[in-house]
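A.B. asks: Okay, so here is protein38.cif, and as you'll see once you scroll down, it has mmCIF, C-alpha atoms and all ligand atoms.
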data_my_file
#
loop_
_atom_site.label_atom_id
_atom_site.label_comp_id
_atom_site.auth_asym_id
_atom_site.auth_seq_id
_atom_site.Cartn_x
_atom_site.Cartn_y
_atom_site.Cartn_z
CA MET P 1 -125.09 -244.03 -87.81
CA ARG P 2 -123.35 -241.04 -89.47
CA LYS P 3 -121.35 -238.91 -87.05
CA PRO P 4 -122.25 -235.19 -86.91
CA LYS P 5 -119.74 -233.10 -88.83
CA ILE P 6 -118.36 -229.98 -87.13
CA VAL P 7 -116.52 -227.62 -89.47
CA LEU P 8 -114.40 -224.75 -88.10
CA LEU P 9 -113.27 -221.94 -90.39
CA GLY P 10 -110.08 -220.11 -89.43
CA ALA P 11 -107.31 -221.25 -87.08
CA GLY P 12 -106.96 -218.04 -85.09
CA TYR P 13 -107.63 -217.69 -81.35
CA ALA P 14 -111.31 -218.55 -81.71
CA GLY P 15 -110.87 -221.46 -84.14
CA MET P 16 -107.91 -223.06 -82.37
CA MET P 17 -109.39 -222.87 -78.88
CA THR P 18 -112.80 -224.13 -80.00
CA THR P 19 -111.13 -227.07 -81.74
CA LYS P 20 -109.09 -227.78 -78.63
CA ARG P 21 -112.17 -227.73 -76.38
CA LEU P 22 -114.19 -229.91 -78.79
CA MET P 23 -111.37 -232.46 -78.77
CA GLN P 24 -111.51 -232.48 -74.97
CA GLN P 25 -115.30 -232.70 -74.73
CA LEU P 26 -116.24 -235.07 -77.55
CA SER P 27 -114.91 -238.55 -78.24
CA ILE P 28 -113.79 -239.63 -81.69
CA GLU P 29 -117.02 -241.68 -82.02
CA GLU P 30 -119.24 -238.70 -81.22
CA ALA P 31 -118.26 -236.24 -83.96
CA GLU P 32 -116.09 -235.62 -87.00
CA ILE P 33 -114.13 -232.36 -86.60
CA ILE P 34 -112.67 -230.47 -89.57
CA LEU P 35 -110.51 -227.34 -89.20
CA VAL P 36 -110.04 -225.21 -92.32
CA ASN P 37 -107.30 -222.58 -92.46
CA LYS P 38 -105.36 -220.69 -95.14
CA HIS P 39 -102.07 -222.03 -93.79
CA ASN P 40 -100.84 -225.14 -92.02
CA TYR P 41 -99.80 -222.91 -89.12
CA HIS P 42 -101.54 -220.78 -86.50
CA TYR P 43 -100.07 -217.37 -85.72
CA GLN P 44 -100.56 -215.22 -82.66
CA THR P 45 -102.12 -212.08 -84.07
CA THR P 46 -101.38 -210.26 -80.81
CA TRP P 47 -97.64 -210.61 -81.53
CA LEU P 48 -97.74 -209.37 -85.12
CA HIS P 49 -96.53 -205.85 -84.24
CA GLU P 50 -93.32 -207.50 -83.02
CA VAL P 51 -93.03 -209.59 -86.18
CA ALA P 52 -93.59 -206.44 -88.27
CA ALA P 53 -90.93 -204.43 -86.42
CA GLY P 54 -88.52 -207.37 -86.33
CA THR P 55 -88.21 -207.38 -82.54
CA ILE P 56 -88.94 -211.11 -82.20
CA ASP P 57 -87.96 -214.10 -84.26
CA GLN P 58 -90.90 -214.39 -86.63
CA ASN P 59 -91.18 -218.13 -86.06
CA GLN P 60 -91.77 -217.60 -82.36
CA SER P 61 -95.18 -216.21 -83.24
CA ARG P 62 -96.35 -219.12 -85.35
CA ILE P 63 -97.14 -222.68 -84.42
CA MET P 64 -97.67 -225.63 -86.72
CA ILE P 65 -101.32 -226.59 -86.22
CA SER P 66 -100.46 -230.29 -86.16
CA ASP P 67 -98.14 -229.65 -83.17
CA VAL P 68 -101.12 -228.75 -80.97
CA ILE P 69 -104.13 -230.33 -82.69
CA ASP P 70 -103.98 -234.12 -83.11
CA PRO P 71 -104.47 -234.79 -86.85
CA LEU P 72 -105.87 -238.22 -85.95
CA ARG P 73 -108.74 -236.50 -84.12
CA VAL P 74 -109.21 -233.44 -86.34
CA THR P 75 -108.98 -233.27 -90.13
CA LEU P 76 -106.84 -230.27 -91.06
CA VAL P 77 -107.72 -228.66 -94.38
CA GLU P 78 -105.25 -226.09 -95.72
CA GLU P 79 -107.55 -224.03 -97.90
CA THR P 80 -109.02 -220.57 -98.40
CA VAL P 81 -112.69 -220.11 -97.57
CA GLU P 82 -114.54 -218.19 -100.28
CA LYS P 83 -118.17 -218.36 -99.24
CA ILE P 84 -120.59 -219.93 -96.80
CA ASN P 85 -124.05 -221.05 -97.85
CA PRO P 86 -125.84 -221.40 -94.50
CA ASP P 87 -129.15 -222.39 -96.09
CA GLN P 88 -127.57 -225.40 -97.81
CA LYS P 89 -125.06 -225.98 -94.97
CA LYS P 90 -122.13 -225.79 -97.35
CA VAL P 91 -118.79 -223.96 -97.45
CA THR P 92 -117.14 -223.08 -100.75
CA LEU P 93 -113.36 -223.31 -100.67
CA GLN P 94 -110.93 -222.12 -103.32
CA ASN P 95 -110.52 -225.73 -104.46
CA GLY P 96 -113.59 -227.55 -103.30
CA GLU P 97 -116.59 -227.65 -101.08
CA LEU P 98 -117.45 -228.92 -97.59
CA ASP P 99 -120.78 -229.65 -95.97
CA TYR P 100 -121.43 -229.47 -92.26
CA ASP P 101 -123.88 -230.12 -89.45
CA TYR P 102 -122.38 -227.43 -87.20
CA LEU P 103 -120.27 -224.52 -88.36
CA VAL P 104 -117.91 -222.27 -86.40
CA VAL P 105 -116.72 -219.12 -88.18
CA GLY P 106 -113.51 -217.58 -86.82
CA LEU P 107 -112.05 -215.92 -89.90
CA GLY P 108 -110.78 -212.81 -88.10
CA PHE P 109 -110.36 -209.29 -89.47
CA GLU P 110 -109.22 -207.32 -92.51
CA LYS P 111 -107.84 -203.81 -92.99
CA ALA P 112 -110.51 -201.07 -93.15
CA THR P 113 -109.40 -197.82 -94.78
CA PHE P 114 -112.68 -195.83 -94.64
CA GLY P 115 -112.30 -194.71 -98.24
CA ILE P 116 -109.14 -192.64 -97.56
CA PRO P 117 -107.75 -192.15 -101.07
CA GLY P 118 -104.67 -194.28 -101.73
CA MET P 119 -104.66 -196.00 -98.33
CA ALA P 120 -105.77 -199.43 -99.57
CA GLU P 121 -103.26 -199.33 -102.44
CA HIS P 122 -100.17 -197.82 -100.83
CA ALA P 123 -100.17 -198.44 -97.08
CA LEU P 124 -98.85 -201.61 -95.49
CA SER P 125 -100.87 -203.32 -92.77
CA ILE P 126 -100.28 -205.58 -89.77
CA GLN P 127 -103.00 -207.92 -90.84
CA SER P 128 -101.51 -211.39 -91.12
CA PHE P 129 -98.24 -213.19 -90.54
CA ASP P 130 -97.18 -212.79 -94.18
CA LYS P 131 -98.03 -209.10 -94.32
CA SER P 132 -96.20 -208.48 -91.04
CA ARG P 133 -92.99 -210.15 -92.11
CA TYR P 134 -93.19 -208.19 -95.35
CA ILE P 135 -93.16 -204.98 -93.26
CA ARG P 136 -90.11 -206.24 -91.35
CA GLU P 137 -88.22 -206.87 -94.61
CA HIS P 138 -89.38 -203.53 -96.02
CA ILE P 139 -88.08 -201.59 -92.99
CA GLU P 140 -84.66 -203.15 -93.18
CA TYR P 141 -84.54 -202.59 -96.93
CA GLN P 142 -84.89 -198.82 -96.38
CA PHE P 143 -81.65 -198.89 -94.37
CA SER P 144 -79.93 -200.85 -97.18
CA ARG P 145 -81.12 -198.23 -99.67
CA TYR P 146 -79.66 -195.51 -97.46
CA ARG P 147 -76.27 -197.19 -97.58
CA ASN P 148 -76.50 -197.84 -101.30
CA GLY P 149 -76.67 -194.37 -102.79
CA GLU P 150 -80.17 -193.18 -101.82
CA LYS P 151 -79.37 -191.40 -98.55
CA ASP P 152 -80.63 -188.06 -99.84
CA LYS P 153 -84.05 -189.37 -100.84
CA GLU P 154 -86.62 -187.44 -98.82
CA GLY P 155 -88.63 -189.63 -96.41
CA LEU P 156 -86.41 -192.68 -96.90
CA LEU P 157 -86.10 -193.21 -93.14
CA THR P 158 -89.45 -191.70 -92.15
CA PHE P 159 -91.82 -194.29 -90.74
CA VAL P 160 -95.44 -193.14 -90.64
CA VAL P 161 -97.95 -195.15 -88.63
CA GLY P 162 -101.59 -194.24 -89.21
CA GLY P 163 -103.79 -194.86 -86.16
CA SER P 164 -103.08 -194.64 -82.42
CA GLY P 165 -105.27 -197.49 -81.26
CA PHE P 166 -103.87 -200.58 -79.60
CA THR P 167 -102.08 -201.95 -82.68
CA GLY P 168 -100.67 -198.58 -83.79
CA ILE P 169 -99.27 -197.75 -80.35
CA GLU P 170 -97.83 -201.22 -79.80
CA PHE P 171 -96.18 -201.03 -83.22
CA VAL P 172 -94.59 -197.58 -82.74
CA GLY P 173 -93.27 -198.87 -79.40
CA GLU P 174 -91.51 -201.70 -81.21
CA LEU P 175 -90.19 -199.31 -83.88
CA ALA P 176 -88.79 -197.07 -81.15
CA GLU P 177 -86.74 -200.06 -79.98
CA LYS P 178 -85.82 -201.55 -83.35
CA LEU P 179 -84.84 -198.52 -85.42
CA PRO P 180 -81.92 -197.47 -83.15
CA GLN P 181 -80.59 -201.04 -83.52
CA LEU P 182 -80.85 -200.81 -87.31
CA CYS P 183 -79.09 -197.45 -87.19
CA LYS P 184 -76.14 -199.09 -85.43
CA GLU P 185 -76.14 -202.03 -87.81
CA TYR P 186 -76.20 -199.83 -90.92
CA ASP P 187 -74.03 -196.95 -89.56
CA VAL P 188 -76.85 -194.43 -89.77
CA ASP P 189 -77.15 -191.46 -87.41
CA LEU P 190 -80.36 -191.82 -85.38
CA SER P 191 -81.25 -188.20 -86.13
CA GLU P 192 -81.91 -189.29 -89.74
CA VAL P 193 -84.86 -191.43 -88.56
CA ARG P 194 -88.42 -190.22 -87.90
CA ILE P 195 -91.31 -192.19 -86.41
CA VAL P 196 -94.57 -190.28 -86.89
CA ASN P 197 -97.83 -191.52 -85.40
CA ILE P 198 -100.96 -189.88 -86.80
CA GLU P 199 -104.43 -190.10 -85.25
CA ALA P 200 -107.69 -188.37 -86.15
CA ALA P 201 -109.21 -188.77 -82.64
CA PRO P 202 -108.28 -186.23 -79.95
CA THR P 203 -106.19 -188.77 -78.01
CA ILE P 204 -104.06 -191.84 -78.46
CA LEU P 205 -105.48 -195.15 -77.20
CA PRO P 206 -109.13 -194.01 -77.08
CA GLY P 207 -110.98 -195.80 -74.28
CA PHE P 208 -107.91 -196.23 -72.06
CA ASP P 209 -107.57 -194.63 -68.64
CA GLU P 210 -106.17 -191.08 -68.85
CA ALA P 211 -103.17 -191.74 -66.58
CA LEU P 212 -102.18 -194.76 -68.68
CA VAL P 213 -102.52 -192.76 -71.90
CA THR P 214 -100.33 -189.99 -70.50
CA TYR P 215 -97.72 -192.52 -69.42
CA ALA P 216 -97.73 -194.26 -72.83
CA ARG P 217 -97.38 -191.01 -74.75
CA ARG P 218 -94.53 -189.75 -72.59
CA SER P 219 -92.71 -193.09 -72.77
CA LEU P 220 -92.92 -193.09 -76.58
CA GLU P 221 -92.04 -189.41 -76.98
CA ASP P 222 -88.98 -189.94 -74.76
CA ARG P 223 -87.84 -192.52 -77.31
CA GLY P 224 -88.33 -190.19 -80.26
CA VAL P 225 -91.88 -190.87 -81.47
CA GLU P 226 -93.63 -187.77 -82.91
CA PHE P 227 -97.40 -187.60 -82.50
CA LYS P 228 -99.89 -185.80 -84.69
CA ILE P 229 -103.13 -186.20 -82.77
CA GLY P 230 -106.51 -184.84 -83.85
CA THR P 231 -105.08 -184.94 -87.37
CA MET P 232 -106.86 -186.65 -90.26
CA ILE P 233 -104.92 -188.47 -92.95
CA LYS P 234 -106.59 -187.14 -96.09
CA GLU P 235 -104.65 -189.09 -98.67
CA CYS P 236 -101.91 -191.67 -98.92
CA THR P 237 -99.61 -191.77 -101.92
CA LYS P 238 -96.79 -194.14 -102.83
CA ASP P 239 -94.31 -192.02 -100.87
CA SER P 240 -96.24 -189.60 -98.65
CA VAL P 241 -99.30 -188.84 -96.57
CA ILE P 242 -101.31 -185.63 -96.79
CA VAL P 243 -102.57 -184.66 -93.34
CA GLY P 244 -104.57 -182.09 -91.39
CA ASP P 245 -106.55 -178.99 -92.30
CA ASP P 246 -103.51 -177.38 -93.94
CA ASN P 247 -102.86 -180.43 -96.17
CA GLU P 248 -99.33 -180.90 -94.87
CA GLU P 249 -97.39 -183.44 -96.93
CA ILE P 250 -95.17 -185.83 -94.98
CA LYS P 251 -92.78 -187.71 -97.23
CA ALA P 252 -92.35 -191.32 -96.12
CA GLU P 253 -91.20 -194.48 -97.86
CA THR P 254 -92.84 -196.55 -95.13
CA ILE P 255 -96.51 -196.02 -94.31
CA VAL P 256 -98.27 -198.55 -92.11
CA TRP P 257 -102.02 -198.23 -91.60
CA THR P 258 -103.41 -199.54 -88.30
CA GLY P 259 -106.35 -197.13 -88.12
CA GLY P 260 -109.19 -199.54 -88.73
CA VAL P 261 -110.22 -203.15 -89.03
CA GLN P 262 -113.37 -204.84 -90.23
CA ALA P 263 -114.61 -208.40 -90.10
CA ASN P 264 -113.60 -210.84 -92.81
CA ALA P 265 -115.35 -210.04 -96.11
CA VAL P 266 -116.48 -213.67 -96.45
CA LEU P 267 -119.34 -212.86 -94.03
CA GLY P 268 -120.86 -210.21 -96.29
CA GLU P 269 -120.31 -212.30 -99.41
CA SER P 270 -122.18 -215.16 -97.73
CA GLY P 271 -125.32 -213.10 -97.20
CA PHE P 272 -125.27 -212.91 -93.39
CA GLU P 273 -127.09 -209.92 -91.95
CA LEU P 274 -124.34 -207.54 -90.80
CA THR P 275 -123.98 -204.83 -88.16
CA LYS P 276 -120.95 -202.67 -89.01
CA GLY P 277 -119.55 -205.57 -91.06
CA LYS P 278 -119.98 -208.18 -88.30
CA VAL P 279 -122.67 -210.70 -87.50
CA ASN P 280 -124.77 -209.58 -84.55
CA VAL P 281 -124.86 -212.93 -82.75
CA ASP P 282 -127.37 -213.96 -80.11
CA GLY P 283 -126.39 -214.64 -76.49
CA THR P 284 -125.36 -218.20 -77.40
CA LEU P 285 -123.04 -216.86 -80.16
CA ARG P 286 -125.18 -218.08 -83.07
CA ALA P 287 -125.98 -216.17 -86.25
CA PRO P 288 -129.58 -214.94 -86.38
CA GLY P 289 -131.77 -217.46 -88.19
CA TYR P 290 -129.13 -220.22 -88.19
CA GLU P 291 -129.17 -222.49 -85.14
CA ASP P 292 -126.15 -224.44 -86.32
CA VAL P 293 -123.81 -221.53 -87.18
CA PHE P 294 -121.60 -220.00 -84.50
CA ILE P 295 -119.70 -216.78 -85.25
CA LEU P 296 -116.77 -215.93 -83.01
CA GLY P 297 -113.90 -213.50 -82.44
CA ASP P 298 -113.47 -210.48 -84.71
CA CYS P 299 -116.31 -211.67 -86.97
CA ALA P 300 -118.90 -211.40 -84.18
CA TRP P 301 -120.76 -208.33 -82.91
CA VAL P 302 -121.30 -209.16 -79.23
CA MET P 303 -123.19 -206.68 -77.11
CA ASN P 304 -122.09 -205.75 -73.61
CA GLN P 305 -125.49 -205.71 -71.90
CA GLU P 306 -124.14 -203.47 -69.09
CA THR P 307 -122.93 -200.65 -71.34
CA GLY P 308 -125.24 -201.20 -74.32
CA ARG P 309 -122.14 -201.11 -76.55
CA PRO P 310 -120.37 -203.95 -78.38
CA TYR P 311 -117.21 -205.44 -76.92
CA PRO P 312 -114.04 -204.41 -78.75
CA PRO P 313 -112.45 -207.13 -80.89
CA THR P 314 -109.83 -208.83 -78.74
CA ALA P 315 -108.09 -212.17 -78.46
CA GLN P 316 -109.25 -212.33 -74.85
CA ILE P 317 -112.91 -212.35 -75.95
CA ALA P 318 -112.26 -214.75 -78.84
CA ILE P 319 -110.68 -217.27 -76.43
CA GLN P 320 -113.54 -217.01 -73.93
CA GLU P 321 -116.12 -217.36 -76.70
CA ALA P 322 -114.43 -220.58 -77.79
CA ASP P 323 -115.23 -222.23 -74.44
CA ILE P 324 -118.94 -221.41 -74.67
CA CYS P 325 -119.10 -222.32 -78.35
CA ALA P 326 -117.67 -225.81 -77.76
CA GLU P 327 -120.03 -226.38 -74.82
CA ASN P 328 -122.99 -225.18 -76.87
CA ILE P 329 -122.20 -227.45 -79.82
CA LYS P 330 -122.09 -230.38 -77.42
CA ALA P 331 -125.38 -229.24 -75.86
CA LEU P 332 -127.02 -228.97 -79.30
CA MET P 333 -125.86 -232.49 -80.17
CA LYS P 334 -127.33 -233.81 -76.92
CA ASP P 335 -130.49 -231.70 -77.11
CA GLU P 336 -129.60 -229.89 -73.89
CA PRO P 337 -130.04 -226.17 -73.02
CA LEU P 338 -127.40 -223.79 -74.39
CA LYS P 339 -125.32 -221.36 -72.31
CA GLU P 340 -125.19 -217.60 -72.74
CA PHE P 341 -121.80 -215.95 -73.27
CA VAL P 342 -120.68 -213.67 -70.42
CA PHE P 343 -117.38 -211.84 -70.84
CA ASP P 344 -115.00 -211.97 -67.87
CA ASN P 345 -112.72 -208.97 -68.32
CA LYS P 346 -109.26 -209.86 -67.03
CA GLY P 347 -107.80 -206.48 -68.03
CA THR P 348 -105.71 -205.20 -70.91
CA VAL P 349 -101.98 -204.61 -71.13
CA ALA P 350 -100.35 -202.79 -74.05
CA SER P 351 -96.70 -203.29 -74.84
CA LEU P 352 -94.77 -200.10 -75.62
CA GLY P 353 -91.59 -201.80 -76.83
CA GLY P 354 -88.59 -203.13 -74.89
CA ARG P 355 -89.15 -202.96 -71.15
CA HIS P 356 -92.05 -200.53 -71.51
CA ALA P 357 -95.74 -201.37 -71.15
CA MET P 358 -98.85 -200.28 -69.30
CA GLY P 359 -102.36 -201.50 -68.64
CA THR P 360 -104.93 -202.67 -66.15
CA ILE P 361 -105.55 -206.09 -64.67
CA PHE P 362 -108.57 -207.74 -63.04
CA ASP P 363 -110.25 -205.14 -60.84
CA GLY P 364 -108.76 -202.17 -62.74
CA LYS P 365 -105.39 -202.14 -60.96
CA LYS P 366 -102.97 -200.10 -63.07
CA LEU P 367 -99.57 -201.41 -64.04
CA TYR P 368 -96.70 -199.43 -65.56
CA GLY P 369 -93.24 -200.19 -66.92
CA LEU P 370 -91.47 -203.44 -66.14
CA SER P 371 -94.28 -204.92 -64.02
CA ALA P 372 -96.73 -204.30 -66.88
CA LYS P 373 -94.26 -205.88 -69.32
CA MET P 374 -93.92 -208.97 -67.13
CA MET P 375 -97.70 -209.22 -66.96
CA LYS P 376 -97.88 -208.98 -70.76
CA HIS P 377 -95.51 -211.95 -71.00
CA VAL P 378 -97.61 -213.88 -68.47
CA ILE P 379 -100.72 -213.22 -70.61
CA ASP P 380 -98.91 -214.36 -73.77
CA ASP P 381 -97.55 -217.49 -72.11
CA ARG P 382 -100.89 -218.33 -70.51
CA TYR P 383 -102.44 -218.60 -73.95
CA LEU P 384 -99.63 -220.88 -75.12
CA PHE P 385 -100.18 -223.02 -72.03
CA MET P 386 -103.91 -223.31 -72.73
CA LEU P 387 -103.20 -224.25 -76.33
CA GLY P 388 -100.25 -226.60 -76.04
CA GLY P 389 -99.35 -227.09 -72.37
CA PRO P 390 -95.88 -226.57 -70.85
CA ARG P 391 -94.16 -227.98 -73.95
CA LEU P 392 -95.45 -225.15 -76.11
CA VAL P 393 -94.54 -222.54 -73.47
CA LEU P 394 -90.99 -223.87 -73.42
CA LYS P 395 -90.80 -223.87 -77.22
CA LYS P 396 -92.43 -220.54 -78.07
CA GLY P 397 -92.98 -218.71 -74.79
CA LYS P 398 -91.73 -215.36 -73.54
CA PHE P 399 -90.82 -216.80 -70.15
CA ARG P 400 -87.32 -215.31 -70.46
CA PRO P 401 -88.30 -211.70 -69.75
CA PHE P 402 -85.53 -210.00 -71.75
P1 LIG X 501 -107.55 -214.28 -85.91
O1 LIG X 501 -106.74 -214.57 -84.72
O2 LIG X 501 -107.16 -213.10 -86.74
O3 LIG X 501 -107.56 -215.57 -86.84
C1 LIG X 501 -108.20 -215.65 -88.07
C2 LIG X 501 -107.66 -216.87 -88.81
O4 LIG X 501 -108.43 -217.08 -89.98
C3 LIG X 501 -106.21 -216.70 -89.27
O5 LIG X 501 -105.49 -217.87 -88.97
C4 LIG X 501 -106.32 -216.53 -90.78
O6 LIG X 501 -105.20 -217.05 -91.49
C5 LIG X 501 -107.58 -217.35 -91.09
N1 LIG X 501 -108.28 -216.91 -92.29
C6 LIG X 501 -108.65 -215.64 -92.61
N2 LIG X 501 -109.32 -215.63 -93.77
C7 LIG X 501 -109.38 -216.91 -94.19
C8 LIG X 501 -109.97 -217.54 -95.32
N3 LIG X 501 -110.65 -216.86 -96.25
N4 LIG X 501 -109.84 -218.89 -95.45
C9 LIG X 501 -109.17 -219.62 -94.51
N5 LIG X 501 -108.61 -219.07 -93.41
C10 LIG X 501 -108.71 -217.74 -93.25
N6 LIG X 501 -106.20 -208.59 -78.48
C11 LIG X 501 -106.02 -208.79 -77.15
O7 LIG X 501 -106.91 -209.35 -76.48
N7 LIG X 501 -104.87 -208.39 -76.52
C12 LIG X 501 -103.83 -207.83 -77.19
O8 LIG X 501 -102.80 -207.50 -76.60
C13 LIG X 501 -103.96 -207.63 -78.60
N8 LIG X 501 -102.94 -207.13 -79.32
C14 LIG X 501 -103.05 -207.04 -80.68
C15 LIG X 501 -101.94 -206.63 -81.41
C16 LIG X 501 -102.00 -206.55 -82.79
C17 LIG X 501 -100.78 -206.14 -83.57
C18 LIG X 501 -103.21 -206.90 -83.47
C19 LIG X 501 -103.28 -206.84 -84.97
C20 LIG X 501 -104.33 -207.32 -82.74
C21 LIG X 501 -104.26 -207.40 -81.35
N9 LIG X 501 -105.35 -207.85 -80.59
C22 LIG X 501 -105.20 -208.03 -79.22
C23 LIG X 501 -106.63 -208.22 -81.23
C24 LIG X 501 -106.66 -209.74 -81.49
O9 LIG X 501 -105.47 -210.15 -82.13
C25 LIG X 501 -107.86 -210.15 -82.33
O10 LIG X 501 -109.02 -209.66 -81.71
C26 LIG X 501 -107.90 -211.69 -82.42
O11 LIG X 501 -106.82 -212.13 -83.20
C27 LIG X 501 -109.22 -212.19 -83.01
O12 LIG X 501 -109.17 -213.59 -83.05
P2 LIG X 501 -109.91 -214.38 -84.21
O13 LIG X 501 -109.81 -215.83 -83.86
O14 LIG X 501 -111.26 -213.81 -84.44
O15 LIG X 501 -109.08 -214.07 -85.55
#
Turn this file's structure into structure tokens for me.

C.D. replies:
Amino acid sequence: MRKPKIVLLGAGYAGMMTTKRLMQQLSIEEAEIILVNKHNYHYQTTWLHEVAAGTIDQNQSRIMISDVIDPLRVTLVEETVEKINPDQKKVTLQNGELDYDYLVVGLGFEKATFGIPGMAEHALSIQSFDKSRYIREHIEYQFSRYRNGEKDKEGLLTFVVGGSGFTGIEFVGELAEKLPQLCKEYDVDLSEVRIVNIEAAPTILPGFDEALVTYARRSLEDRGVEFKIGTMIKECTKDSVIVGDDNEEIKAETIVWTGGVQANAVLGESGFELTKGKVNVDGTLRAPGYEDVFILGDCAWVMNQETGRPYPPTAQIAIQEADICAENIKALMKDEPLKEFVFDNKGTVASLGGRHAMGTIFDGKKLYGLSAKMMKHVIDDRYLFMLGGPRLVLKKGKFRPF
């Protein structure tokens, strides 16, 4: 008898953890498992701000998929997904096609620029491993330019970060640590450097507790970050941003946009019904009308029944969804009842660079400074442990605090 074929698209948090759980729950005789990803490695998206700033070794944040997923159990396909045809149960790849019995979509997010003129063309984004290491190289290159005859170029060492959400704040925190080091390395006076964080909303880190927001802002300002809050970016050019009601022009050779993300465009191109770019999944994480298609992570619109609002896109949710998804695929195969997804909020900790961090854990307990930073490392290492056991923690972990 033909084995059911489970195809997973995207080796991010959702795709990797679902694959891992399926390997644990199904024997090799029970199902064929195929994992499709653009690269032969998995990267930790939650570390990309550090890759982009150059505050960690870039290879610490990526893991060869075959190091944690047994290629004898799972077929790894290094390919780009172009389209899904859920009616025919087929996936179109750049160089081929796959059919499936069960599909798991975990293709993550893309940059959303809300039509701000020039933003899509000129701003850099912390969107993937490749784009993040490009930013790292770009930043260092500006210091080389300074030392090689361009020191008078306006905005050469101005680093503008658009957006003060989680990613924007974590990134400016890393810049506040990294740029002084680059100044020393390239013999540049620190006063030549500007880090400017611009946010249209009336506060940084919208949705965070007020005391934590105040702490984060003060910690970053103490290390030289300038904030322009309640200020719209109206346009982005090759070497500047135009901001605010008075159309102030800020010259900058480095502009990084973190102000918005949207689900992977493959969803829309595949004809799924979308809510704000995502698939509004049912309680069992399946796409409406398709009993065999699970949508996870940043591609899924999952409602918080308590608040009546969707959960924000986080790795924490993607990982928890993976557990339910794997169990539900097994249940479908065995004709058993499916489980509903219930999010268990374990808290959120934002890194602010170096020894600085803040956040809440479990029951809302607030953490600041070094204890928050240690907790952030515990969270990062816990994921590595779940994915690859102690060996992976020893190889890639942040167990050495500093
Ligand atoms: P991803 O992890 O983004 O994985 C998507 C995968 O799909 C990638 O491997 C990609 O290469 C692959 N892919 C994409 N398109 C294609 C294609 N067409 N064909 C083949 N493969 C493709 N969340 C937290 O919970 N805590 C944090 O502290 C936190 N910090 C963050 C910091 C930063 C800098 C950023 C950017 C995000 C952070 N997040 C955090 C959010 C979190 O990273 C995302 O919510 C999470 O990565 C979503 O997981 P995912 O599996 O849906 O997608």

A.B. asks: May I have a table of the residues of chain P lying at most 7 Å from ligand LIG 501 (chain X), giving each one's closest pair of atoms and their distance in Å to one decimal, counting all atoms listed in the file, ordered by chain and ascending residue number, as a tab-separated table?

C.D. replies:
residue	atom	partner	partner_atom	distance
P:Leu9	CA	X:LIG501	N5	6.3
P:Gly10	CA	X:LIG501	O4	3.5
P:Ala11	CA	X:LIG501	O5	4.3
P:Gly12	CA	X:LIG501	O3	3.1
P:Tyr13	CA	X:LIG501	O13	3.8
P:Ala14	CA	X:LIG501	O13	3.8
P:Gly15	CA	X:LIG501	O13	5.7
P:Val36	CA	X:LIG501	C9	6.1
P:Asn37	CA	X:LIG501	N5	3.9
P:Lys38	CA	X:LIG501	C9	4.0
P:His39	CA	X:LIG501	O6	6.3
P:His42	CA	X:LIG501	O5	5.5
P:Tyr43	CA	X:LIG501	O5	6.3
P:Gln44	CA	X:LIG501	O1	6.5
P:Thr45	CA	X:LIG501	O9	4.3
P:Thr46	CA	X:LIG501	C14	3.6
P:Trp47	CA	X:LIG501	C17	5.8
P:Leu48	CA	X:LIG501	C17	4.7
P:His49	CA	X:LIG501	C17	4.3
P:Glu79	CA	X:LIG501	C9	5.8
P:Thr80	CA	X:LIG501	N4	3.5
P:Val81	CA	X:LIG501	N4	3.8
P:Glu82	CA	X:LIG501	N3	5.8
P:Gly106	CA	X:LIG501	O14	5.0
P:Leu107	CA	X:LIG501	O4	3.8
P:Gly108	CA	X:LIG501	O15	3.3
P:Phe109	CA	X:LIG501	O2	5.7
P:Ile126	CA	X:LIG501	C19	5.8
P:Gln127	CA	X:LIG501	C19	6.0
P:Ser128	CA	X:LIG501	O6	6.8
P:Phe166	CA	X:LIG501	C14	6.6
P:Thr167	CA	X:LIG501	C17	4.5
P:Glu170	CA	X:LIG501	C17	6.9
P:Phe171	CA	X:LIG501	C17	6.9
P:Asn264	CA	X:LIG501	N2	6.5
P:Val266	CA	X:LIG501	N3	6.6
P:Leu296	CA	X:LIG501	O14	6.1
P:Gly297	CA	X:LIG501	O14	3.3
P:Asp298	CA	X:LIG501	O14	4.0
P:Cys299	CA	X:LIG501	O14	6.0
P:Pro313	CA	X:LIG501	O10	4.3
P:Thr314	CA	X:LIG501	O10	3.2
P:Ala315	CA	X:LIG501	O7	3.6
P:Gln316	CA	X:LIG501	O7	4.1
P:Ile317	CA	X:LIG501	O7	6.7
P:Ala318	CA	X:LIG501	O12	5.3
P:Thr348	CA	X:LIG501	N7	6.5
P:Val349	CA	X:LIG501	O8	6.2
P:Ala350	CA	X:LIG501	O8	5.9

A.B. asks: Tell me which of P:Thr18, P:Pro71, P:Phe343, P:Met1 sits closest to Glu306 (chain P), counting all atoms listed in the file.

C.D. replies: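 Answer, going by the shortest atom-to-atom distance: P:Phe343.
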
A.B. asks: Just the number, please: distance in Å from CA of Val77 (chain P) to CA of Glu29 (chain P), one decimal.

C.D. replies: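 These atoms are spaced 20.2 Å apart.
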
A.B. asks: Could you give me, as an MDAnalysis selection string, the residues that sit within 10 Å of (-93.0, -192.2, -75.2) in the file's coordinates, counting all atoms listed in the file?

C.D. replies: chainID P and resid 169 172:173 176 214:227 352:353 356

A.B. asks: Given the choices P:Ala211, P:Asp344, P:Arg2, P:Val105, which gets closest to Val279 (chain P) if the distance is worked out from all atoms listed in the file?

C.D. replies: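 Nearest to Val279 (chain P): P:Val105.
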